[in-house]
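J.: I'm passing along upload_7.cif; it holds mmCIF, C-alpha atoms.
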data_upload
loop_
_atom_site.label_atom_id
_atom_site.label_comp_id
_atom_site.auth_asym_id
_atom_site.auth_seq_id
_atom_site.Cartn_x
_atom_site.Cartn_y
_atom_site.Cartn_z
CA MET A 1205 69.16 19.56 -15.54
CA THR A 1206 68.42 18.40 -19.08
CA ALA A 1207 68.60 14.97 -20.63
CA ALA A 1208 70.97 14.57 -23.58
CA GLY A 1209 69.07 14.91 -26.86
CA SER A 1210 66.36 17.15 -25.39
CA ALA A 1211 65.65 20.76 -26.34
CA ALA A 1212 66.58 23.58 -23.95
CA SER A 1213 66.76 27.35 -23.94
CA PHE A 1214 67.87 30.37 -21.91
CA THR A 1215 65.99 33.67 -22.23
CA ALA A 1216 67.12 37.16 -21.21
CA ILE A 1217 64.35 39.46 -19.96
CA THR A 1218 65.23 43.14 -20.22
CA VAL A 1219 63.51 46.43 -19.40
CA SER A 1220 64.84 49.29 -21.54
CA SER A 1221 63.39 52.22 -23.47
CA LEU A 1222 66.38 52.06 -25.81
CA PRO A 1223 67.29 49.38 -28.40
CA VAL A 1224 69.37 46.59 -26.86
CA SER A 1225 71.80 43.98 -28.16
CA TYR A 1226 72.72 40.59 -26.73
CA GLN A 1227 75.85 38.45 -26.59
CA TRP A 1228 75.80 35.02 -24.97
CA ARG A 1229 78.88 33.36 -23.48
CA LYS A 1230 79.63 29.84 -22.29
CA ASP A 1231 82.19 29.49 -19.49
CA GLY A 1232 83.29 33.04 -20.28
CA ALA A 1233 83.86 32.46 -24.01
CA VAL A 1234 81.80 34.25 -26.66
CA ILE A 1235 79.33 32.01 -28.51
CA SER A 1236 79.51 32.96 -32.17
CA GLY A 1237 76.16 34.09 -33.57
CA ALA A 1238 74.39 33.95 -30.20
CA THR A 1239 73.08 37.51 -30.30
CA ASN A 1240 69.36 37.10 -29.68
CA SER A 1241 67.45 37.42 -26.42
CA THR A 1242 66.96 33.61 -26.38
CA LEU A 1243 69.69 30.99 -26.66
CA ASN A 1244 68.19 27.79 -28.06
CA PHE A 1245 69.46 24.20 -28.05
CA SER A 1246 67.54 21.93 -30.38
CA SER A 1247 69.30 18.79 -29.09
CA VAL A 1248 71.45 19.17 -25.99
CA GLN A 1249 74.72 17.22 -25.95
CA THR A 1250 77.10 16.56 -23.07
CA GLY A 1251 79.55 19.11 -24.50
CA ASP A 1252 76.91 21.82 -24.03
CA ALA A 1253 77.09 21.52 -20.26
CA GLY A 1254 78.51 24.62 -18.62
CA SER A 1255 77.89 28.08 -17.20
CA TYR A 1256 76.10 30.60 -19.44
CA THR A 1257 75.83 34.39 -19.22
CA VAL A 1258 74.47 37.06 -21.51
CA THR A 1259 75.75 40.62 -21.89
CA VAL A 1260 72.94 43.08 -22.63
CA SER A 1261 73.98 46.44 -24.09
CA ASN A 1262 72.32 49.70 -25.13
CA ALA A 1263 73.53 53.24 -25.86
CA VAL A 1264 73.99 53.92 -22.16
CA GLY A 1265 76.09 50.86 -21.26
CA SER A 1266 75.99 47.13 -20.70
CA THR A 1267 75.32 44.62 -17.97
CA VAL A 1268 76.15 40.95 -17.53
CA SER A 1269 73.56 38.50 -16.25
CA ASN A 1270 74.06 36.15 -13.37
CA PRO A 1271 75.40 32.80 -14.60
CA ALA A 1272 72.96 30.00 -15.43
CA THR A 1273 74.20 26.43 -15.35
CA LEU A 1274 73.23 23.84 -17.95
CA THR A 1275 73.61 20.31 -16.58
CA VAL A 1276 73.27 17.49 -19.09
CA THR A 1277 72.35 13.99 -17.99
CA THR A 1278 72.77 10.84 -20.02
CA SER A 1279 71.31 7.36 -19.55
CA ASN A 1280 74.58 5.88 -20.82
CA PRO A 1281 77.33 7.69 -18.90
CA GLY A 1282 81.00 6.82 -19.10
CA ARG A 1283 81.71 4.26 -16.36
CA LEU A 1284 83.95 1.38 -15.30
CA ILE A 1285 82.63 -1.90 -16.72
CA ASN A 1286 85.54 -4.34 -16.44
CA LEU A 1287 88.65 -5.11 -14.42
CA SER A 1288 91.14 -7.80 -15.41
CA VAL A 1289 94.57 -8.96 -14.38
CA LEU A 1290 96.73 -11.61 -16.02
CA THR A 1291 99.24 -12.71 -13.43
CA ASP A 1292 100.91 -15.64 -11.70
CA ILE A 1293 100.17 -17.69 -8.66
CA ALA A 1294 103.88 -18.24 -8.22
CA THR A 1295 104.04 -20.37 -5.09
CA ALA A 1296 101.85 -23.07 -3.59
CA GLY A 1297 99.17 -21.60 -1.32
CA GLU A 1298 99.46 -18.07 -2.73
CA ASP A 1299 96.34 -16.02 -3.49
CA PHE A 1300 95.45 -12.49 -4.47
CA THR A 1301 92.45 -10.19 -4.12
CA LEU A 1302 90.26 -8.20 -6.48
CA GLY A 1303 88.15 -5.49 -4.87
CA TYR A 1304 85.13 -3.59 -6.11
CA VAL A 1305 82.72 -0.99 -4.81
CA VAL A 1306 79.15 -0.78 -6.11
CA GLY A 1307 77.07 2.39 -5.97
CA GLY A 1308 77.10 5.96 -7.23
CA GLY A 1309 75.08 9.02 -6.30
CA GLY A 1310 71.34 8.57 -6.81
CA THR A 1311 71.60 4.87 -7.64
CA GLY A 1312 69.96 1.87 -6.00
CA GLY A 1313 69.15 -1.80 -6.38
CA ALA A 1314 71.26 -4.82 -7.23
CA LYS A 1315 74.31 -4.78 -9.50
CA PRO A 1316 74.62 -7.86 -11.76
CA LEU A 1317 78.21 -9.01 -12.26
CA VAL A 1318 80.13 -11.81 -13.94
CA ILE A 1319 83.28 -12.84 -12.05
CA ARG A 1320 85.75 -15.44 -13.20
CA ALA A 1321 89.28 -16.84 -13.05
CA ALA A 1322 90.55 -18.58 -16.19
CA GLY A 1323 93.54 -20.88 -16.23
CA PRO A 1324 93.18 -23.94 -18.47
CA SER A 1325 91.44 -21.96 -21.22
CA LEU A 1326 94.48 -19.69 -21.57
CA VAL A 1327 96.24 -22.45 -23.51
CA ALA A 1328 94.23 -21.52 -26.62
CA PHE A 1329 95.81 -18.04 -26.48
CA GLY A 1330 99.37 -19.36 -26.32
CA VAL A 1331 99.85 -18.63 -22.63
CA ALA A 1332 102.53 -20.92 -21.26
CA GLY A 1333 102.21 -22.54 -17.83
CA PRO A 1334 98.58 -21.77 -17.02
CA LEU A 1335 97.12 -22.55 -13.59
CA ASP A 1336 95.35 -25.87 -14.02
CA ASP A 1337 92.54 -25.34 -11.49
CA PRO A 1338 91.73 -21.78 -10.30
CA LYS A 1339 89.15 -20.99 -7.64
CA VAL A 1340 87.19 -17.83 -6.79
CA GLU A 1341 85.56 -16.85 -3.50
CA LEU A 1342 83.30 -13.79 -3.11
CA PHE A 1343 83.13 -11.73 0.06
CA ALA A 1344 80.92 -8.89 1.29
CA GLY A 1345 83.14 -7.37 3.93
CA SER A 1346 84.53 -10.40 5.77
CA THR A 1347 81.54 -12.65 4.99
CA LYS A 1348 81.90 -15.22 2.23
CA THR A 1349 78.84 -15.03 -0.03
CA ALA A 1350 79.68 -17.42 -2.89
CA GLU A 1351 82.45 -19.52 -4.40
CA ASN A 1352 83.24 -21.57 -7.47
CA ASP A 1353 85.93 -24.04 -8.38
CA ASN A 1354 84.97 -25.63 -11.72
CA TRP A 1355 82.42 -23.68 -13.74
CA GLY A 1356 80.62 -26.84 -14.92
CA GLY A 1357 79.63 -25.74 -18.41
CA SER A 1358 76.20 -24.40 -17.42
CA ALA A 1359 74.16 -22.76 -20.18
CA GLN A 1360 73.40 -19.83 -17.87
CA LEU A 1361 77.09 -19.10 -17.27
CA ALA A 1362 77.99 -19.57 -20.93
CA ALA A 1363 75.29 -17.07 -21.91
CA ALA A 1364 76.45 -14.61 -19.22
CA LEU A 1365 80.06 -14.77 -20.43
CA SER A 1366 78.95 -14.17 -24.00
CA ALA A 1367 76.70 -11.26 -23.02
CA VAL A 1368 79.57 -9.31 -21.42
CA GLY A 1369 81.96 -10.05 -24.30
CA ALA A 1370 84.25 -12.43 -22.40
CA PHE A 1371 86.12 -15.08 -24.34
CA ALA A 1372 84.54 -18.54 -24.14
CA PHE A 1373 86.08 -21.23 -22.00
CA SER A 1374 87.66 -24.14 -23.83
CA GLY A 1375 84.89 -26.54 -22.90
CA ALA A 1376 82.20 -27.52 -20.44
CA THR A 1377 84.63 -29.66 -18.46
CA SER A 1378 87.45 -27.11 -18.23
CA ARG A 1379 88.52 -26.40 -14.67
CA ASP A 1380 88.19 -22.64 -15.05
CA ALA A 1381 86.09 -20.88 -12.39
CA ALA A 1382 83.16 -18.49 -12.94
CA LEU A 1383 79.96 -17.31 -11.35
CA THR A 1384 77.33 -14.60 -11.61
CA ALA A 1385 76.24 -12.42 -8.72
CA ASN A 1386 73.69 -9.71 -7.93
CA ILE A 1387 75.44 -7.38 -5.52
CA THR A 1388 73.56 -5.11 -3.11
CA THR A 1389 76.39 -4.39 -0.66
CA ARG A 1390 78.85 -1.58 -1.27
CA ASP A 1391 82.31 -2.98 -0.46
CA ASN A 1392 83.18 -6.39 -1.87
CA SER A 1393 86.15 -8.55 -2.76
CA VAL A 1394 87.14 -11.67 -4.69
CA LYS A 1395 89.81 -14.07 -3.48
CA VAL A 1396 91.57 -15.88 -6.32
CA SER A 1397 93.57 -18.99 -5.50
CA ALA A 1398 94.44 -22.47 -6.72
CA ALA A 1399 92.27 -25.45 -5.84
CA GLY A 1400 95.01 -27.49 -4.20
CA ASN A 1401 98.61 -26.33 -4.33
CA GLY A 1402 98.87 -25.52 -8.02
CA THR A 1403 100.88 -22.69 -9.53
CA GLY A 1404 100.74 -20.94 -12.89
CA LYS A 1405 99.27 -18.07 -14.86
CA VAL A 1406 95.65 -17.01 -14.36
CA ILE A 1407 93.47 -14.18 -15.61
CA ALA A 1408 90.95 -12.86 -13.09
CA GLU A 1409 88.11 -10.63 -14.26
CA ILE A 1410 85.08 -8.68 -13.04
CA TYR A 1411 82.44 -7.64 -15.57
CA ASP A 1412 79.49 -5.27 -15.21
CA ALA A 1413 76.62 -7.40 -16.54
CA THR A 1414 73.99 -4.66 -16.83
CA PRO A 1415 72.89 -4.53 -20.50
CA ALA A 1416 73.81 -1.13 -21.97
CA ALA A 1417 70.29 -0.71 -23.36
CA SER A 1418 68.75 -0.92 -19.89
CA PHE A 1419 71.26 1.31 -18.11
CA THR A 1420 69.77 4.44 -16.49
CA THR A 1421 71.03 7.20 -14.23
CA THR A 1422 69.79 5.21 -11.21
CA THR A 1423 71.58 1.96 -12.15
CA PRO A 1424 74.39 1.12 -9.68
CA ARG A 1425 77.90 1.32 -11.14
CA LEU A 1426 81.31 -0.10 -10.40
CA ILE A 1427 82.71 3.06 -8.82
CA ASN A 1428 85.98 1.43 -7.73
CA VAL A 1429 87.89 -1.65 -8.87
CA SER A 1430 91.21 -2.82 -7.46
CA VAL A 1431 93.83 -5.56 -7.26
CA ARG A 1432 96.05 -6.30 -4.25
CA LYS A 1433 98.95 -8.56 -5.09
CA HIS A 1434 102.70 -9.06 -4.93
CA LEU A 1435 104.17 -7.27 -7.94
CA GLY A 1436 106.87 -9.78 -8.80
CA SER A 1437 108.76 -8.14 -11.67
CA GLY A 1438 105.72 -6.00 -12.49
CA LEU A 1439 101.94 -6.14 -12.62
CA THR A 1440 99.57 -5.07 -15.42
CA VAL A 1441 95.94 -4.35 -14.59
CA GLY A 1442 93.41 -3.80 -17.36
CA PHE A 1443 90.14 -1.90 -17.13
CA VAL A 1444 87.44 -0.80 -19.54
CA VAL A 1445 85.49 2.46 -19.65
CA GLY A 1446 82.06 1.81 -21.12
CA GLY A 1447 79.13 4.09 -21.94
CA ALA A 1448 78.88 6.96 -24.37
CA THR A 1449 80.78 9.75 -22.60
CA PRO A 1450 84.26 10.18 -21.12
CA ALA A 1451 84.84 9.19 -17.50
CA ARG A 1452 87.20 10.92 -15.09
CA VAL A 1453 89.20 8.32 -13.18
CA LEU A 1454 91.68 8.23 -10.33
CA VAL A 1455 94.39 5.58 -10.59
CA ARG A 1456 96.58 4.72 -7.59
CA ALA A 1457 99.43 2.31 -6.87
CA VAL A 1458 99.73 2.12 -3.09
CA GLY A 1459 102.66 0.45 -1.41
CA PRO A 1460 104.21 2.16 1.63
CA THR A 1461 100.86 3.28 3.08
CA LEU A 1462 99.57 -0.32 3.10
CA ALA A 1463 102.02 -1.02 5.94
CA SER A 1464 99.93 1.20 8.24
CA PHE A 1465 97.03 -1.23 7.67
CA GLY A 1466 99.13 -4.19 8.76
CA VAL A 1467 99.97 -5.47 5.27
CA PRO A 1468 103.40 -7.15 5.32
CA GLY A 1469 106.05 -7.06 2.60
CA VAL A 1470 104.83 -3.95 0.77
CA VAL A 1471 106.70 -2.42 -2.16
CA ALA A 1472 108.61 0.60 -0.87
CA ASP A 1473 108.35 2.82 -3.96
CA PRO A 1474 105.76 1.90 -6.62
CA GLN A 1475 105.45 3.67 -9.95
CA LEU A 1476 102.60 3.48 -12.44
CA ALA A 1477 102.09 4.08 -16.14
CA LEU A 1478 98.72 4.34 -17.88
CA PHE A 1479 98.29 3.08 -21.45
CA ASN A 1480 95.44 3.23 -23.97
CA ALA A 1481 94.23 0.38 -26.22
CA SER A 1482 97.00 1.17 -28.74
CA SER A 1483 99.67 0.69 -26.03
CA VAL A 1484 100.44 4.41 -26.07
CA LYS A 1485 101.47 5.78 -22.70
CA ILE A 1486 99.00 8.52 -21.73
CA GLY A 1487 100.05 9.15 -18.14
CA GLU A 1488 102.53 8.15 -15.46
CA ASN A 1489 103.49 8.90 -11.89
CA ASN A 1490 106.14 7.88 -9.41
CA ASP A 1491 105.64 9.83 -6.15
CA TRP A 1492 102.26 11.60 -5.84
CA LEU A 1493 103.79 14.53 -3.88
CA GLY A 1494 100.65 15.49 -1.96
CA THR A 1495 99.20 17.69 -4.72
CA SER A 1496 95.93 19.54 -4.08
CA GLU A 1497 94.30 18.02 -7.20
CA LEU A 1498 95.00 14.47 -6.06
CA THR A 1499 94.10 15.20 -2.44
CA ALA A 1500 90.73 16.53 -3.62
CA ALA A 1501 90.21 13.47 -5.83
CA PHE A 1502 90.93 11.12 -2.90
CA ALA A 1503 88.30 12.92 -0.83
CA ALA A 1504 85.75 12.95 -3.66
CA VAL A 1505 85.87 9.18 -4.13
CA GLY A 1506 86.22 8.24 -0.47
CA ALA A 1507 89.69 6.74 -0.86
CA PHE A 1508 91.86 6.42 2.24
CA ALA A 1509 94.34 9.26 2.61
CA LEU A 1510 98.01 9.00 1.66
CA PRO A 1511 100.69 10.95 3.56
CA ALA A 1512 101.87 13.86 1.41
CA THR A 1513 105.47 12.63 1.55
CA SER A 1514 104.71 8.96 0.87
CA LYS A 1515 106.18 7.26 -2.18
CA ASP A 1516 102.81 5.94 -3.30
CA ALA A 1517 101.80 6.81 -6.88
CA ALA A 1518 98.59 8.34 -8.24
CA LEU A 1519 97.16 10.26 -11.19
CA VAL A 1520 93.82 11.59 -12.47
CA ALA A 1521 92.77 11.31 -16.12
CA SER A 1522 89.69 11.90 -18.26
CA LEU A 1523 89.26 8.82 -20.46
CA ALA A 1524 87.05 8.23 -23.48
CA PRO A 1525 85.20 4.90 -23.63
CA GLY A 1526 87.68 2.12 -24.42
CA ASN A 1527 90.28 -0.28 -23.04
CA TYR A 1528 93.11 0.85 -20.77
CA SER A 1529 95.89 -0.75 -18.74
CA VAL A 1530 97.99 0.25 -15.75
CA GLN A 1531 101.53 -1.09 -15.43
CA VAL A 1532 102.89 -1.02 -11.88
CA SER A 1533 106.44 -1.83 -10.83
CA GLY A 1534 108.90 -0.96 -8.09
CA VAL A 1535 111.43 1.78 -8.70
CA ASN A 1536 114.95 0.43 -9.33
CA GLY A 1537 113.67 -3.14 -9.58
CA THR A 1538 112.27 -3.30 -6.04
CA THR A 1539 109.20 -5.41 -5.45
CA GLY A 1540 106.57 -6.28 -2.87
CA VAL A 1541 102.82 -6.14 -2.31
CA ALA A 1542 100.87 -3.24 -3.87
CA LEU A 1543 97.24 -2.17 -4.13
CA VAL A 1544 96.31 -0.97 -7.62
CA GLU A 1545 93.06 1.03 -7.65
CA VAL A 1546 90.87 2.64 -10.31
CA TYR A 1547 88.10 4.97 -9.10
CA GLU A 1548 85.30 6.80 -10.88
CA VAL A 1549 85.71 10.48 -9.97
CA PRO A 1550 82.35 12.33 -9.73
#
In structure tokens, how does this file's structure come out?
T.:
Amino acid sequence: MTAAGSAASFTAITVSSLPVSYQWRKDGAVISGATNSTLNFSSVQTGDAGSYTVTVSNAVGSTVSNPATLTVTTSNPGRLINLSVLTDIATAGEDFTLGYVVGGGGTGGAKPLVIRAAGPSLVAFGVAGPLDDPKVELFAGSTKTAENDNWGGSAQLAAALSAVGAFAFSGATSRDAALTANITTRDNSVKVSAAGNGTGKVIAEIYDATPAASFTTTTPRLINVSVRKHLGSGLTVGFVVGGATPARVLVRAVGPTLASFGVPGVVADPQLALFNASSVKIGENNDWLGTSELTAAFAAVGAFALPATSKDAALVASLAPGNYSVQVSGVNGTTGVALVEVYEVP
């Protein structure tokens, strides 16, 4: 295991009374010019990771070495750093839930987050009919750990919003909701509702508040983010991949299988489409069809299983750092409750 930017080398040791030649390969492909007994890396990069062999030849014949694996670590890996959803609280008393899981192999300690629900401040962006007074409640499992109705204009919160790149609220007296949290539990959720019986548009967001400069391989990550909500005519969920390297993600839109967990009114046949920051569609799925790749991804991230014949939707993609969105709707205009999930795949 070698840190990105460090030097590394592989050396072939041979015993032969005849002259020998060498040819190194990475993942089975010939490395041009790599014909010495030592393969040197002056500054290892993530793209150098792989399995290396060397073929040693003399006048009698040749032999191939056992493979040697080069693993490259980085202190700024590709990772999920934001989840957002702009949606409606359409009826009085309605709410919806954001979920997130904190952790990652070899990590420990608290995860700093910024969590908010903006309604009144959406007016400045031309959003019609914003929710006039959103509220957020944080839960660890079933235990409420914090809540906020009006953010109050505190300097600490204003600085935290700025540090994660969130747009500023319209003023200290706006009735938007926000709070910071240091999370040590694994499975958590955020309930977003209206204070009172209000209705309207609201954007709910979770931000990773760990400064990029202080991120290490042991820093906890957001390894899963999710939204559970009634789709209406369709739901768009945004997420951001941060860090310096691509991240492999699993995206799911679960409808029918939620019924087995006692969730009423689920969408019978969800479909999803994945878009990049330029609004170019880069992936889509209707029925997941029980494929071996997706089944393995579910197991790798600890996601609950989906029946192979269910009409839930899922896909796996390798994504460069940047902004992405998932659009979820019901096939043929159907609607209902869905769970939209984005997982980091190890």
J.: Which residues, named as in the file, does the PyMOL selection byres ((chain A and resi 1238) around 10) pick out? Answer as a PyMOL selection string.
T.: chain A and resi 1226-1229+1234-1237+1239-1244+1258
J.: List the spatial neighbours of Ala1362 in chain A as a list in words - criterion: any atom at most 12 Å away, all atoms listed in the file, same-chain residues fewer than 2 positions off excluded.
T.: Val1318, Arg1320, Trp1355, Gly1356, Gly1357, Ser1358, Ala1359, Gln1360, Ala1364, Leu1365, Ser1366, Ala1367, Val1368, Gly1369, Ala1370, Phe1371, Ala1372, Phe1373, Ser1374, Gly1375, Ala1376, Ala1381, Ala1382, Leu1383 and Thr1384 of chain A
J.: If you apply the PyMOL selection byres ((chain A and resi 1536) around 12) to this file, what residues do you get, as a count of residues only?
T.: 14
J.: Counting all atoms listed in the file, which of A:Leu1302, A:Ala1398, A:Leu1335, A:Val1445 gets nearest to Ile1410 in chain A?
T.: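 Once distances to Ile1410 in chain A are computed over all atoms listed in the file, the minimum belongs to A:Leu1302.
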J.: Given only C-alpha atoms as the basis, pick out the residue of A:Ala1314, A:Leu1284, A:Ala1521, A:Ala1321 nearest to Ser1378 in chain A.
T.: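 Among the listed residues, the smallest separation from Ser1378 in chain A belongs to A:Ala1321.
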J.: Calculate how many Å separate CA of Gly1297 in chain A from CA of Leu1435 in chain A, rounding to one decimal.
T.: 16.6 Å
J.: Determine the residue set returned by the PyMOL selection byres ((chain A and resi 1447) around 10) for the present structure, and present it as a list in words.
T.: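 In the shown coordinates, the PyMOL selection byres ((chain A and resi 1447) around 10) covers Thr1278, Ser1279, Asn1280, Pro1281, Gly1282, Arg1283, Leu1284, Ile1285, Ala1416, Phe1419, Val1444, Val1445, Gly1446, Ala1448, Thr1449, Pro1450, Ala1451, Ala1524, Pro1525 and Gly1526 of chain A.
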J.: Place a sphere of radius 7 Å on (88.1, 15.1, -13.5) in the file coordinates and name every protein, DNA or RNA residue with an atom inside or on its surface, counting all atoms listed in the file; give the answer as a PyMOL selection string.
T.: chain A and resi 1452-1453+1520-1522+1549
J.: As an exercise, work out the distance from CA of Gly1442 in chain A to CA of Pro1460 in chain A in Å and give it to one decimal place.
T.: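 These atoms are spaced 22.6 Å apart.
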J.: Restricting the calculation to only C-alpha atoms: of A:Tyr1411, A:Phe1508, A:Tyr1528, A:Phe1245, which residue gets closest to Asn1386 in chain A?
T.: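 With only C-alpha atoms as the atom set, the closest residue is A:Tyr1411.
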J.: For a test of reading the model, state the distance in Å between CA of Arg1379 in chain A and CA of Ala1322 in chain A, rounded to one decimal.
T.: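 We find that CA of Arg1379 in chain A and CA of Ala1322 in chain A lie 8.2 Å from each other.
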J.: Using all atoms listed in the file, which of A:Ile1387, A:Val1530, A:Ala1509, A:Leu1519 sits nearest Ser1483 in chain A?
T.: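 Among A:Ile1387, A:Val1530, A:Ala1509, A:Leu1519, it is A:Val1530 that comes nearest to Ser1483 in chain A.
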J.: Find the spatial neighbours of Gly1333 in chain A, counting all atoms listed in the file, within a cut-off of 10 Å - ignore same-chain residues fewer than 6 positions away - and output them as a list in words.
T.: Asp1292, Gly1323, Pro1324, Leu1326, Val1327, Thr1403, Gly1404, Lys1405 and Val1406 of chain A
J.: Nearest to Asp1412 in chain A: which of A:Val1458, A:Ile1319, A:Ala1399, A:Ala1512 is it, counting all atoms listed in the file?
T.: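 For Asp1412 in chain A, the nearest of the candidates is A:Ile1319.
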J.: Nearest residue to Asn1428 in chain A out of A:Thr1388, A:Ser1393, A:Ser1514, A:Thr1275, using all atoms listed in the file?
T.: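 Nearest candidate to Asn1428 in chain A out of A:Thr1388, A:Ser1393, A:Ser1514, A:Thr1275: A:Ser1393.
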